[in-house]
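**Q** Have a look at this one.
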Amino acid sequence: MQVNFQLFDRSFLLAVRESFIALLPFLLINALLALFPVLATALAPELSGSDAFHWFEGISDTLGRLFPLLAMLSLSYHFAKYLDISAVACATLSLCIVFSLHVHSSGGLVFSDYLVEVLGDPRMVITPILAAYVMRPFLKFPQLHLVRSAEISAYLSQHLNLIIPMVLTFTLVFLILKAMSMLLLLGISPMVDAVGELGPLGQIIFRVLLTHILWCFGVHGDNAFLLLIGDDNGLQFLAPNLTFSAFMDLFVLLGGSGATIPLLIAIFLESRDEQSRHLAKIAVPFSVVNINEILIYGLPVVFNLRLAIPFVLLPCLNVLIAWSVISAGLLSFDGKPFPWVTPLFLNGWIASGGFAVVVLQLLLVVVGVFIYRPFIRKYSAFADANQYDRELIKRTELQTDIERMSERQYSRNQSESLAASRSLERTVREVLSGELLVHYQPKLKLPGQEVVGFEALLRLKDADGNIKGPWFIDNFQRAGYSHVIDRFVITTVAEDLRRWQAAGFSPKVSINLDPNNLNDVLMLDRLRTTLGEFAHQVEVEILERAFMRDLQGINRAIAQLQTLGFRFLLDDFGTGFSSLSLLTQISVDGIKLDRSILGKTDTDQGRVLYRQICQLCKSLGFQLVAEGVETPSEASFVGDAGVDYVQGWLYARALPQAQAMEYALNHGKITPNDLDTI
């Protein structure tokens, strides 16, 4: 149940995040349009009567009203994608439900007024999510399908079979939203009366709390608050020359709802999620002028419990701190007005004519950063697709990753041929229908032929129970799925090493990683966190083409991990054209001689070449491993040539974890000295 909940949590947040990220261009354009008339009014009041001013003001207002509708459509598409249902069905169903909710109140309204009422409905954001999750189980019941014949097209059959699930979903979601609305209305009247009886501090706390909770559900907090409460007390004076609105801008919002400036700083300090950091960089210039929808919808804060807690509570804390300071008479204000887009600190200087307010603002920012930092740290670990925990990286999570990445790959490569897409789809389906395994091929030390370690090799158990080699690796690498495979191998090897450790067995294990991932900071961090406790037992095999792409970067990564105890081998040496020149430029610990050059030792030239390569590598201080040894004559030859370790079918094929341990114990003990030298 725990894994299922985490998968639901992950897919839900991914759908929300991508839904609002898709709307970022719209948000940016709308933010710029909203900024122009405000700045024009503040800096050049004479422009406020011009046609251009009214056009910008009008189009900004119009686009702002359209945002809930666009959000609903985007949520419909992305939730349909992740839940594997029809996006068109989800979107049309959501539209029908929202418009139907207002039919009862549309009498006497012209259509334009009716449309304004619908677009202002806060339920537009919640409706597509409810519709998607309610419709999905209905689609799984064959009894609800109208068509089961194979004589009509699959496309037509699919959409005819949507009819009954859509009708049931419409009815159920409509009733759920109606019931929620009635309960809300029953609570509004006493709530409004209770708020009126609160003192100024209570009213501020209530408004800040309610507006920020509404923001967390994707609803514009201030607009929705006015719809619910009915009047605005923003012009009420809380202290001499200090209105409610000015108090909010100066001490509560700090760059936008949720205290945006501290949130941005915390992201730059703590987040390892590159997408969040890039988003924060984009948001900086807008947050300076108190426009923060980019973070709210793009990060997102919307429907994100990990960030909703500080997003809601920090502004309330700001209210209490600022209220206490003002009540103590430590601050004074001269009543000079400032537009809401005035940057933080500058507005404090304008409002007070001094720096006392600015000092308090700075203190609130520092406090906010400290509060946000642990939440950003935890959210970063969750949001980072490379930081899956041990349970989620197994078969179920592998399927989720592949399906998500497959969709992205499809979007990036629409121009590729249909045949290639079908081939990739068949490959993915075959892998998902089976089970990924890690087997271990023994590595033996010469001349005694004692087992001193293993090479971890990927295997696929198909639906019929047959064990196959990783024939799909190249396809997965071309499709961009290599991170998924590498994470699976790292996690599985860590688990097996832990099992062996519990049994008093501590072999060396070498793992193969995609060369494209070796310079990935997050992948290196995963190696440290997952295999760090076994670093002195782990060798990473690197293909020479990795060095061809970024020699300095790979060497830096190797050096960092070598300080922790990891060792590195140059894999498949002898298959490239620049291997010899590489030997003086790389910092690996050993060389694995490829089977291809051993296969040529049936000729005089081949034997000379093999011996000379061994002599060169030994003289440069590298340990040598001969792979692909298949016959006694080959074993004798590589031993005479100076090879230190061997592996191949002559000794054993790759074995499951338990059998690999049994094989090693039957062929000699693994001693601490061997661990130090291999």
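Just so we're on the same page: first chain in the structure tokens is A, next is B, and so on; residues restart at 1 for each chain, and ligands are numbered from 1 in the order they show up.
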Excluding Leu543 in chain A and residues on its chain fewer than 2 positions from it, collect all residues at most 6 Å away from it, counting only C-alpha atoms, and give them as an mmCIF file with all heavy atoms, in the first residue's frame.

**A**
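The result, written out as result_19.cif:
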```
data_model
loop_
_atom_site.group_PDB
_atom_site.id
_atom_site.type_symbol
_atom_site.label_atom_id
_atom_site.label_comp_id
_atom_site.auth_asym_id
_atom_site.auth_seq_id
_atom_site.Cartn_x
_atom_site.Cartn_y
_atom_site.Cartn_z
ATOM 1 N N ARG A 545 34.441 5.620 -24.886
ATOM 2 C CA ARG A 545 33.758 6.719 -25.578
ATOM 3 C C ARG A 545 33.285 7.798 -24.605
ATOM 4 O O ARG A 545 33.035 8.937 -25.003
ATOM 5 C CB ARG A 545 32.597 6.196 -26.407
ATOM 6 C CG ARG A 545 31.405 5.656 -25.650
ATOM 7 C CD ARG A 545 30.254 5.397 -26.619
ATOM 8 N NE ARG A 545 29.046 4.957 -25.965
ATOM 9 C CZ ARG A 545 28.683 3.706 -25.783
ATOM 10 N NH1 ARG A 545 29.484 2.729 -26.215
ATOM 11 N NH2 ARG A 545 27.558 3.386 -25.185
ATOM 12 N N ALA A 546 33.157 7.443 -23.320
ATOM 13 C CA ALA A 546 32.799 8.464 -22.321
ATOM 14 C C ALA A 546 33.891 9.526 -22.240
ATOM 15 O O ALA A 546 33.611 10.725 -22.116
ATOM 16 C CB ALA A 546 32.588 7.812 -20.962
ATOM 17 N N ASP A 571 36.638 -0.114 -19.585
ATOM 18 C CA ASP A 571 35.997 -1.326 -20.108
ATOM 19 C C ASP A 571 36.199 -1.456 -21.616
ATOM 20 O O ASP A 571 36.355 -0.461 -22.330
ATOM 21 C CB ASP A 571 34.502 -1.264 -19.783
ATOM 22 C CG ASP A 571 33.824 -2.613 -19.967
ATOM 23 O OD1 ASP A 571 34.538 -3.631 -20.040
ATOM 24 O OD2 ASP A 571 32.582 -2.647 -20.026
#
```

**Q** Counting only C-alpha atoms, what is within 6 Å of range 433-443 of chain A, bar same-chain residues fewer than 6 positions away, as a ChimeraX atom specification?

**A** /A:451,453-463,646-647,653-656

**Q** Tell me, as a ChimeraX atom specification, which residues lie within 8 Å of range 94-103 of chain A, counting only C-alpha atoms; anything in the same chain fewer than 5 positions away does not count.

**A** /A:72,76,114,117-118,123-124,127-128,131,170,173-174,178

**Q** Could you go through range 324-393 of chain A and tell me which residues DSSP, when run on the backbone, assigns to alpha helix (DSSP H), listing them as a ChimeraX atom specification?

**A** /A:324-327,346-352,356-383
